[in-house]
Structure formats: C-alpha cells, structure tokens
$ cat protein21.cif   # mmCIF, C-alpha atoms
data_coords
loop_
_atom_site.label_atom_id
_atom_site.label_comp_id
_atom_site.auth_asym_id
_atom_site.auth_seq_id
_atom_site.Cartn_x
_atom_site.Cartn_y
_atom_site.Cartn_z
CA MET A 1 0.00 0.00 0.00
CA SER A 2 1.62 3.27 -1.15
CA THR A 3 2.01 6.34 1.08
CA THR A 4 1.54 9.97 0.07
CA GLY A 5 3.28 13.02 1.50
CA LYS A 6 4.96 16.32 0.74
CA GLN A 7 8.48 16.44 -0.63
CA ILE A 8 10.91 19.05 -1.99
CA PHE A 9 12.07 18.73 -5.61
CA THR A 10 14.57 20.76 -7.62
CA THR A 11 14.35 21.04 -11.43
CA LEU A 12 16.70 22.85 -13.81
CA SER A 13 15.39 23.47 -17.30
CA ALA A 14 17.53 23.88 -20.41
CA ASP A 15 16.53 27.56 -20.65
CA GLY A 16 18.21 28.30 -17.31
CA LYS A 17 15.20 28.34 -14.97
CA LEU A 18 15.66 26.55 -11.63
CA THR A 19 12.43 25.58 -9.86
CA VAL A 20 12.52 24.36 -6.26
CA GLU A 21 9.13 23.42 -4.85
CA VAL A 22 7.17 21.49 -2.27
CA ALA A 23 4.95 18.94 -4.01
CA GLU A 24 2.83 15.93 -3.18
CA ASN A 25 4.50 12.62 -3.89
CA THR A 26 3.52 8.96 -3.71
CA PHE A 27 6.00 6.62 -2.02
CA PRO A 28 5.82 2.96 -3.08
CA ASP A 29 6.12 0.07 -0.68
CA PRO A 30 9.71 -0.70 0.31
CA ARG A 31 11.63 -3.29 -1.69
CA PRO A 32 12.93 -6.26 0.36
CA SER A 33 16.12 -4.41 1.38
CA GLN A 34 14.43 -1.07 2.08
CA VAL A 35 12.47 0.70 4.80
CA LEU A 36 10.05 3.63 4.60
CA VAL A 37 10.96 6.31 7.13
CA LYS A 38 8.60 8.99 8.40
CA MET A 39 11.15 11.82 8.42
CA GLU A 40 11.30 13.86 11.62
CA ALA A 41 14.45 15.93 11.06
CA ALA A 42 17.00 16.58 8.31
CA PRO A 43 19.94 19.01 8.31
CA ILE A 44 20.71 21.34 5.38
CA ASN A 45 24.33 20.54 4.54
CA PRO A 46 26.56 22.29 1.97
CA SER A 47 26.40 19.11 -0.12
CA ASP A 48 22.60 19.52 -0.25
CA LEU A 49 22.86 23.11 -1.45
CA ALA A 50 24.94 22.07 -4.45
CA LEU A 51 21.94 20.16 -5.82
CA LEU A 52 19.19 22.30 -4.30
CA PHE A 53 20.33 25.67 -5.68
CA SER A 54 23.82 25.34 -7.19
CA ALA A 55 24.79 28.88 -8.29
CA ALA A 56 21.24 30.10 -8.99
CA ASP A 57 20.52 33.81 -8.47
CA LEU A 58 18.36 33.71 -5.35
CA GLU A 59 18.62 37.46 -4.78
CA SER A 60 16.50 38.07 -7.88
CA ALA A 61 14.40 34.90 -7.61
CA GLU A 62 10.62 34.73 -7.52
CA PHE A 63 9.40 33.40 -4.16
CA SER A 64 5.87 32.12 -3.61
CA ASN A 65 4.30 29.73 -1.11
CA GLY A 66 6.46 26.60 -1.13
CA LYS A 67 8.18 27.51 -4.40
CA ILE A 68 11.27 29.31 -5.71
CA VAL A 69 11.99 30.11 -9.37
CA ALA A 70 15.48 31.45 -10.10
CA ASP A 71 17.86 31.96 -13.02
CA MET A 72 20.94 29.75 -13.35
CA PRO A 73 23.94 31.62 -14.79
CA GLU A 74 26.64 30.23 -17.05
CA PRO A 75 28.86 28.27 -16.91
CA PHE A 76 26.82 26.46 -14.25
CA LEU A 77 23.82 25.97 -16.56
CA SER A 78 25.88 24.24 -19.26
CA GLY A 79 27.91 22.39 -16.62
CA ALA A 80 24.72 20.81 -15.27
CA LYS A 81 23.40 19.68 -18.66
CA GLY A 82 23.05 16.13 -17.35
CA ARG A 83 20.26 17.20 -14.98
CA HIS A 84 18.30 19.44 -17.40
CA GLY A 85 14.59 18.63 -17.16
CA GLN A 86 15.00 16.14 -14.31
CA ARG A 87 12.82 16.57 -11.21
CA LEU A 88 15.23 15.62 -8.44
CA PRO A 89 14.62 14.95 -4.72
CA VAL A 90 16.97 16.59 -2.22
CA GLY A 91 18.35 15.97 1.27
CA ASN A 92 21.22 13.59 1.87
CA GLU A 93 20.49 12.54 5.44
CA GLY A 94 18.04 12.72 8.30
CA ALA A 95 16.27 10.77 11.01
CA GLY A 96 12.81 9.41 11.62
CA ILE A 97 10.60 6.43 12.46
CA VAL A 98 10.45 3.34 10.26
CA VAL A 99 6.76 2.92 9.34
CA ALA A 100 7.08 0.17 6.72
CA ALA A 101 9.77 -2.41 6.03
CA GLY A 102 10.75 -4.75 3.23
CA SER A 103 10.79 -8.50 3.62
CA SER A 104 14.49 -8.94 4.44
CA ASP A 105 15.48 -9.74 8.03
CA MET A 106 17.57 -6.56 8.23
CA ALA A 107 14.66 -4.38 7.12
CA GLN A 108 12.12 -6.12 9.36
CA ALA A 109 14.40 -5.65 12.38
CA LEU A 110 14.06 -1.88 11.98
CA MET A 111 10.26 -1.73 11.96
CA GLY A 112 8.95 0.88 14.40
CA ARG A 113 12.42 2.08 15.39
CA ARG A 114 13.90 5.55 15.09
CA VAL A 115 16.85 5.53 12.69
CA ALA A 116 19.34 7.86 11.07
CA CYS A 117 19.41 7.30 7.32
CA VAL A 118 20.91 8.59 4.07
CA PRO A 119 18.08 8.36 1.52
CA GLY A 120 19.15 11.26 -0.70
CA SER A 121 15.56 12.51 -0.42
CA ALA A 122 15.38 13.54 3.24
CA PHE A 123 13.61 16.89 2.67
CA SER A 124 10.34 15.03 2.63
CA GLU A 125 7.61 13.75 4.93
CA TYR A 126 8.61 10.19 4.00
CA ALA A 127 11.71 8.63 2.46
CA LEU A 128 12.75 5.20 1.23
CA ALA A 129 16.14 4.13 2.58
CA GLU A 130 18.34 1.06 2.36
CA ALA A 131 18.13 -0.85 5.63
CA ALA A 132 21.88 -1.57 5.54
CA MET A 133 22.58 2.16 5.63
CA CYS A 134 20.26 2.91 8.56
CA LEU A 135 21.61 3.48 12.05
CA PRO A 136 19.19 2.65 14.90
CA LEU A 137 19.24 5.59 17.31
CA GLY A 138 17.92 3.92 20.44
CA ASP A 139 16.93 6.61 22.95
CA HIS A 140 18.47 9.46 20.94
CA SER A 141 16.09 12.07 19.53
CA ALA A 142 15.64 12.68 15.82
CA ALA A 143 17.35 16.06 16.20
CA ASP A 144 20.36 14.36 17.80
CA GLY A 145 20.50 11.74 15.08
CA ALA A 146 19.65 13.84 12.01
CA SER A 147 23.30 14.66 11.32
CA ALA A 148 24.67 11.26 12.30
CA PHE A 149 26.06 10.37 8.90
CA VAL A 150 27.53 13.01 6.58
CA ASN A 151 29.65 15.15 8.92
CA PRO A 152 30.60 12.47 11.49
CA MET A 153 31.54 9.87 8.87
CA THR A 154 33.39 12.49 6.81
CA ALA A 155 35.41 13.69 9.80
CA LEU A 156 36.21 10.10 10.78
CA GLY A 157 37.00 9.41 7.14
CA PHE A 158 39.65 12.14 7.19
CA ALA A 159 41.34 10.56 10.19
CA GLU A 160 41.12 7.09 8.62
CA THR A 161 42.52 8.40 5.31
CA ALA A 162 45.43 10.05 7.13
CA ARG A 163 46.32 6.80 8.88
CA MET A 164 45.94 4.78 5.66
CA GLU A 165 48.41 7.12 3.97
CA GLY A 166 50.91 7.04 6.82
CA GLN A 167 50.23 10.57 8.06
CA LYS A 168 50.35 11.72 11.67
CA ALA A 169 49.09 15.27 11.14
CA ILE A 170 46.30 16.98 9.17
CA ILE A 171 45.68 20.51 7.91
CA HIS A 172 42.00 21.48 7.73
CA SER A 173 40.58 24.73 6.38
CA ALA A 174 37.22 26.31 7.28
CA ALA A 175 38.03 24.50 10.50
CA ALA A 176 35.43 26.11 12.78
CA SER A 177 32.59 24.43 10.88
CA ASN A 178 30.41 21.77 12.48
CA LEU A 179 32.53 19.15 10.73
CA GLY A 180 35.74 20.95 11.71
CA GLN A 181 34.77 20.89 15.37
CA MET A 182 34.14 17.15 15.13
CA LEU A 183 37.52 16.63 13.47
CA ASN A 184 39.17 18.63 16.23
CA ARG A 185 37.66 16.34 18.87
CA ILE A 186 38.54 13.19 16.89
CA CYS A 187 42.17 14.23 16.46
CA GLN A 188 42.51 14.95 20.18
CA GLU A 189 41.03 11.54 21.00
CA ASP A 190 43.20 9.72 18.43
CA GLY A 191 46.49 11.54 18.98
CA LEU A 192 46.58 13.07 15.50
CA ALA A 193 48.09 16.55 15.22
CA LEU A 194 45.72 19.06 13.59
CA VAL A 195 46.39 22.46 12.03
CA ASN A 196 43.13 24.42 11.94
CA ILE A 197 42.77 27.25 9.42
CA VAL A 198 40.01 29.79 10.14
CA ARG A 199 39.24 33.28 8.83
CA LYS A 200 37.94 35.10 11.91
CA GLN A 201 39.28 35.66 15.41
CA ASP A 202 36.07 34.47 17.09
CA GLN A 203 36.44 31.18 15.18
CA ALA A 204 40.02 30.87 16.41
CA ASP A 205 38.86 31.54 19.96
CA LEU A 206 36.11 28.92 19.61
CA LEU A 207 38.53 26.18 18.58
CA LYS A 208 41.14 27.13 21.16
CA GLY A 209 38.41 26.95 23.77
CA MET A 210 37.81 23.37 22.60
CA GLY A 211 41.45 22.48 23.22
CA ALA A 212 42.82 23.00 19.70
CA GLU A 213 46.58 23.56 19.86
CA HIS A 214 47.30 24.84 16.36
CA VAL A 215 44.88 27.46 15.03
CA VAL A 216 45.88 29.95 12.32
CA ASN A 217 43.81 32.89 11.08
CA SER A 218 43.92 33.56 7.33
CA SER A 219 42.79 37.16 7.96
CA ASP A 220 45.92 38.00 9.99
CA ASP A 221 48.80 39.82 8.31
CA ASP A 222 51.20 37.12 9.49
CA PHE A 223 48.99 34.21 8.35
CA MET A 224 51.70 32.53 6.28
CA SER A 225 54.15 32.79 9.15
CA GLN A 226 51.59 31.23 11.49
CA LEU A 227 50.92 28.45 8.99
CA ARG A 228 54.61 27.68 8.50
CA SER A 229 55.15 27.51 12.25
CA ALA A 230 52.21 25.12 12.70
CA ILE A 231 53.42 22.87 9.87
CA ASP A 232 56.95 22.89 11.25
CA ALA A 233 55.65 21.90 14.69
CA THR A 234 53.39 19.09 13.43
CA ASP A 235 54.90 17.84 10.13
CA ALA A 236 51.49 18.39 8.55
CA TYR A 237 52.12 17.92 4.84
CA PHE A 238 48.64 16.54 4.26
CA GLY A 239 45.27 18.25 4.42
CA PHE A 240 41.60 18.67 3.54
CA ASP A 241 39.92 21.77 2.09
CA PRO A 242 36.15 22.35 1.71
CA ILE A 243 36.55 25.81 0.13
CA GLY A 244 37.78 24.64 -3.26
CA GLY A 245 37.98 27.99 -5.03
CA GLY A 246 40.60 30.65 -4.37
CA LYS A 247 44.06 30.35 -2.85
CA THR A 248 43.65 28.21 0.27
CA VAL A 249 45.21 25.08 -1.24
CA ASP A 250 47.94 27.23 -2.82
CA SER A 251 48.75 28.77 0.58
CA CYS A 252 48.99 25.32 2.17
CA PHE A 253 51.33 23.99 -0.53
CA LYS A 254 53.49 27.13 -0.32
CA ALA A 255 53.83 26.88 3.45
CA MET A 256 54.54 23.13 3.29
CA GLU A 257 57.28 23.67 0.70
CA GLN A 258 58.83 26.60 2.56
CA VAL A 259 59.08 24.52 5.74
CA ALA A 260 60.49 21.54 3.85
CA ALA A 261 62.93 23.65 1.80
CA ALA A 262 64.34 25.26 4.96
CA LYS A 263 65.44 21.78 6.08
CA MET A 264 67.23 20.90 2.82
CA LYS A 265 71.00 20.61 2.98
CA GLU A 266 71.41 21.25 -0.75
CA PHE A 267 69.46 23.48 -3.15
CA SER A 268 67.39 21.81 -5.88
CA ARG A 269 65.79 23.62 -8.78
CA TYR A 270 62.92 21.11 -8.55
CA GLY A 271 62.08 21.97 -4.96
CA SER A 272 62.09 19.71 -1.94
CA ASP A 273 61.49 15.98 -2.11
CA GLN A 274 58.89 16.24 0.68
CA PRO A 275 55.56 14.81 -0.60
CA LYS A 276 52.73 17.32 -0.13
CA LYS A 277 49.07 16.39 -0.55
CA MET A 278 45.75 18.24 -0.31
CA TYR A 279 42.24 16.91 -0.82
CA ILE A 280 39.38 19.21 -1.89
CA TYR A 281 36.08 17.90 -0.52
CA GLY A 282 33.73 20.83 -1.06
CA ARG A 283 33.02 23.99 -3.04
CA LEU A 284 32.19 26.74 -0.57
CA ASP A 285 33.88 29.01 -3.15
CA LEU A 286 32.65 28.23 -6.67
CA GLY A 287 35.54 30.13 -8.27
CA PRO A 288 38.64 28.55 -9.84
CA THR A 289 41.18 26.78 -7.65
CA ILE A 290 44.31 28.92 -7.95
CA LEU A 291 47.69 27.21 -7.97
CA THR A 292 51.06 28.89 -8.51
CA PRO A 293 54.53 27.50 -9.46
CA ALA A 294 55.88 28.02 -5.97
CA TYR A 295 56.30 24.55 -4.48
CA GLY A 296 58.27 22.37 -6.83
CA PHE A 297 56.74 19.24 -8.28
CA GLY A 298 56.38 17.02 -5.21
CA TRP A 299 52.69 17.70 -4.61
CA THR A 300 49.33 16.05 -5.24
CA LEU A 301 45.89 17.68 -5.36
CA SER A 302 42.93 15.35 -5.39
CA GLY A 303 39.21 15.21 -4.62
CA TRP A 304 37.72 13.39 -1.62
CA LEU A 305 34.16 12.06 -1.50
CA LEU A 306 32.59 10.13 1.34
CA THR A 307 30.83 7.34 -0.57
CA PRO A 308 33.88 6.21 -2.59
CA PHE A 309 35.95 6.30 0.61
CA LEU A 310 33.46 4.07 2.44
CA GLN A 311 33.44 1.62 -0.48
CA GLN A 312 37.23 1.48 -0.42
CA ALA A 313 37.49 1.25 3.38
CA GLY A 314 35.41 -1.93 3.61
CA MET A 315 32.59 -3.07 5.90
CA GLU A 316 34.75 -3.75 8.95
CA THR A 317 36.09 -0.17 9.01
CA VAL A 318 32.68 1.32 8.20
CA GLY A 319 31.06 -0.72 10.96
CA ARG A 320 33.64 0.49 13.45
CA MET A 321 33.08 4.09 12.36
CA ARG A 322 29.29 3.81 12.66
CA LYS A 323 29.56 2.34 16.16
CA ARG A 324 31.85 5.16 17.23
CA VAL A 325 29.37 7.74 15.94
CA LEU A 326 26.44 6.16 17.79
CA ASP A 327 28.42 5.79 21.02
CA ASN A 328 29.41 9.47 20.93
CA LEU A 329 26.44 11.08 19.19
CA THR A 330 25.88 13.82 21.79
CA THR A 331 29.56 14.47 22.53
CA THR A 332 32.24 14.06 19.85
CA PHE A 333 29.68 14.11 17.03
CA ALA A 334 27.13 16.56 18.43
CA SER A 335 25.53 19.05 16.04
CA SER A 336 23.76 22.30 16.86
CA TYR A 337 21.24 24.25 14.80
CA LYS A 338 20.40 27.92 14.40
CA ARG A 339 16.80 27.36 13.37
CA LYS A 340 14.21 24.69 12.63
CA VAL A 341 12.03 25.09 9.51
CA THR A 342 9.19 23.18 7.86
CA LEU A 343 9.37 22.25 4.19
CA GLU A 344 7.46 25.40 3.23
CA GLU A 345 9.50 27.63 5.55
CA MET A 346 12.68 26.24 4.03
CA LEU A 347 11.71 27.84 0.71
CA THR A 348 10.93 31.33 2.01
CA ARG A 349 13.19 34.17 0.88
CA GLU A 350 14.41 34.92 4.42
CA ALA A 351 15.40 31.31 5.17
CA ALA A 352 16.89 30.42 1.77
CA LEU A 353 19.12 33.49 1.58
CA ASP A 354 20.26 32.86 5.16
CA TYR A 355 21.18 29.16 5.13
CA ARG A 356 22.66 29.41 1.66
CA GLN A 357 25.47 31.56 3.10
CA MET A 358 26.70 28.46 4.99
CA LYS A 359 27.92 30.54 7.94
CA THR A 360 29.78 28.80 10.76
CA GLY A 361 27.44 27.70 13.55
CA GLU A 362 24.27 28.58 11.62
CA LYS A 363 23.08 25.24 10.26
CA TYR A 364 19.33 24.79 9.65
CA LEU A 365 17.28 21.71 10.60
CA VAL A 366 14.27 20.77 8.49
CA THR A 367 11.31 19.24 10.33
CA PRO A 368 9.03 17.97 7.54
CA HIS A 369 6.01 17.34 9.77
CA GLY A 370 6.29 20.66 11.61
#

$ encode --input "protein21.cif" --output "structure tokens"
Amino acid sequence: MSTTGKQIFTTLSADGKLTVEVAENTFPDPRPSQVLVKMEAAPINPSDLALLFSAADLESAEFSNGKIVADMPEPFLSGAKGRHGQRLPVGNEGAGIVVAAGSSDMAQALMGRRVACVPGSAFSEYALAEAAMCLPLGDHSAADGASAFVNPMTALGFAETARMEGQKAIIHSAAASNLGQMLNRICQEDGLALVNIVRKQDQADLLKGMGAEHVVNSSDDDFMSQLRSAIDATDAYFGFDPIGGGKTVDSCFKAMEQVAAAKMKEFSRYGSDQPKKMYIYGRLDLGPTILTPAYGFGWTLSGWLLTPFLQQAGMETVGRMRKRVLDNLTTTFASSYKRKVTLEEMLTREAALDYRQMKTGEKYLVTPHG
C-alpha cells in the first residue's frame, strides 16, 4: 500500500530556470532491502545546497508559497546539462521512524524504530532508505540523530585516510565548521596533530576553547608565518579543504614547501622531495582553484568524497566508524542548529538566503512534519 506526503524537488530546465518546490509525492512500498521512514528531522548541509540551488541567483528569484523560481547563470547551466529537465529529490540525510519495512530480516528488524538514514531525499515527509545504511538511534532524539552520517563519517574518514596514507598530522581549512569541530575532537582523541585554518578571530577563539593547539587565522597579516610555524611543529604535509575555489590550497602547498625547503641541505631547482598532498572535498567558493609555481613538483591535489571512501574502506572499518558515531552522538559528534524550519519555511526568501550563506554555527534543521 503506497504512502503519500509532501516532498521538496529541484528542477533545472535547459533555458536556465531553476524551480525548487514542495509537491505531493507517492511513495511505493519498500523493496525487500528497504524501509520507509517517516522523516522527523533533516539538516541542510553544503552538499545539499549544491543540488538544491547550485549557483542560482536567489537574490532576484521569484518566491511564492512553497516555491522558488530562479535563473541559473553560465557556466553552471551548461555544466549541469546532465540534470536538465530532471525533477530531483533533495536531502542527503536525516532521522525518523520506520513505518514500513521490506521483507528482508535486516529491514524487518528496523520496523517501528527511530533511525538515522541517508536516503538522498530527506527533505520530505517520507523517504525510502536502504536498511543496511540505517543506524538505529535507540533513545536518541531525531534532532540528535539527524546529522549522524555526513559530517561524522566524513570527519572520521579524514582521520582514517590520514592513517591509511601514513600521516600523523592533518591541515584542515574552514576548520570552525560543524565538521571541523568534530575533526578537532577526533584528532585529540586519536592523537593526530591538527592544524586548523580559520578566517575570523572568534572562530580561532572557539577552537582554542575546545582544546585545539594549532589554530591559524587567514585574515591576519602574518597568516603565512603562522601556517609555516604550525606545519613545522606538526609535520602536517597533508590536508583537507572544503573551500575549493581561491588560494587556500595554494597557501597550504606554499607553506609546506617553505618549511620543507628550509630543512634541505642542498638546493634543488625542482624543490624539496617532501611529498605534499591536499584533498578538496567541497566547493564553498565556486571560483577557480588557484595554484602557482611556488612549491616544486612534489605535490598532489585530489578530490575526496565520502561514498567512494566508504566503499574502499570496507565493511569492517565502516562498521567500526558507525559504532563510534552512535556511542558518541551527543559528545564528539554533536551538532547544533540555528533554526528549525518546515518544508514550506525552508523555501521562504528569508530562510533560503540565510542558510545558503553556509555561515559557521548557523546550520538549519528541516522538520518535515512541523
């Protein structure tokens, strides 16, 4: 027996019009490996905004009840040709009560329980999710469990990646974010050195108040000196950047090379032989990633995505990570929210322009049933 409910969809047409709207949808019965979750809470993450709005002009958009129509500029319109005309659900993760379950033992075991899930359609009153990807929350609330997957597993994934690649220190930019705070706590627990890059003094103060030892402020005149000192103290030649555009990666590579070059006994026109690696895992800045010929050739820039990492890590590692998240959901992996909104409130001008800025400490939580 199918279930009906409201859900948010985003559609980009070939003529450059982006339509985001709340609409009625019919949810089929779960397949054997699936469950149907009555969604109680879902966070708005930066990864959601990439699909929800991309680079659409919200300032000049037309807002009506439960609907936004905006223009998509180039080159983002052409770059998203693969989604032209497709009506796509949104919302990577959330939490709610399982109200229907498929025939498999794993799915049936979740019936009636509150779970965190990653359906890819969490901005909805109901969502179908794979039972294997659901995390039973026990006595935790939906608000506590709504962000139990993307940020916690990403932050743990950074630490796991560092260890897999033989690293004992990490550089992380935009480090005062919800994810950055989690990574700070993980690194303290695991004995990994962490260099936190922030852009405001209050963000630096926040992290230092949480016990962070190495915090550098990109807005300070002596930023590069601070960064070199932190790298020298930690041997952090390895890092993660969610900004993507601009010069953050370039600054990290420069500082790494300057520290390494200062330790060389002989000059080399090719730079130091110290391997330097940065992963970009987000696009807070949609501009070009700027790199300069200032750090030799011993560097690697790559992308990092959670799902491919989990596939590579294997079930034993993923299971260990999930257990750690659940055991520490209200401590190491706690999330806080600026505001709760319904599906319709999420698409008001005031809310959309606010959460789209992705400001530190101002995450929104969607409560589909009010």

$ atom_distance --input "protein21.cif" --atom1 "CA of Phe76 (chain A)" --atom2 "CA of Ile243 (chain A)"
17.4 Å

$ closest_residue --input "protein21.cif" --among "A:Ala174, A:Ala351, A:Met153, A:Leu192" --to "Phe309 (chain A)" --atoms "all atoms listed in the file"
A:Met153

$ resolve_selection --input "protein21.cif" --expression "the PyMOL selection byres ((chain A and resi 21) around 6)" --output "ChimeraX atom specification"
/A:8-9,20,22,66-67

$ closest_residue --input "protein21.cif" --among "A:Ala41, A:Ala148, A:Met111, A:Val195" --to "Thr330 (chain A)" --atoms "all atoms listed in the file"
A:Ala148

$ resolve_selection --input "protein21.cif" --expression "the PyMOL selection byres ((chain A and resi 92) around 9)" --output "list in words"
Ala42, Pro43, Ile44, Asn45, Ser47, Asp48, Val90, Gly91, Glu93, Gly94, Cys117, Val118, Pro119, Gly120, Ser121, Ala122, Phe123 and Val150 of chain A

$ atom_distance --input "protein21.cif" --atom1 "CA of Gly5 (chain A)" --atom2 "CA of Ala143 (chain A)"
20.6 Å

$ atom_distance --input "protein21.cif" --atom1 "CA of Glu125 (chain A)" --atom2 "CA of Lys81 (chain A)"
29.0 Å

$ resolve_selection --input "protein21.cif" --expression "the PyMOL selection byres ((chain A and resi 35) around 7)" --output "ChimeraX atom specification"
/A:30,34,36-37,98,100-102,107,128-131

$ closest_residue --input "protein21.cif" --among "A:Met346, A:Ala236, A:Ala95, A:Leu12" --to "Gly166 (chain A)" --atoms "all atoms listed in the file"
A:Ala236

$ closest_residue --input "protein21.cif" --among "A:Gly244, A:Gly191, A:Pro136, A:Gly180" --to "Arg322 (chain A)" --atoms "all atoms listed in the file"
A:Pro136

$ closest_residue --input "protein21.cif" --among "A:Asn328, A:Thr26, A:Ser173, A:Asn178" --to "Val216 (chain A)" --atoms "all atoms listed in the file"
A:Ser173

$ closest_residue --input "protein21.cif" --among "A:Pro288, A:Gly145, A:Pro75, A:Pro89" --to "Leu326 (chain A)" --atoms "all atoms listed in the file"
A:Gly145
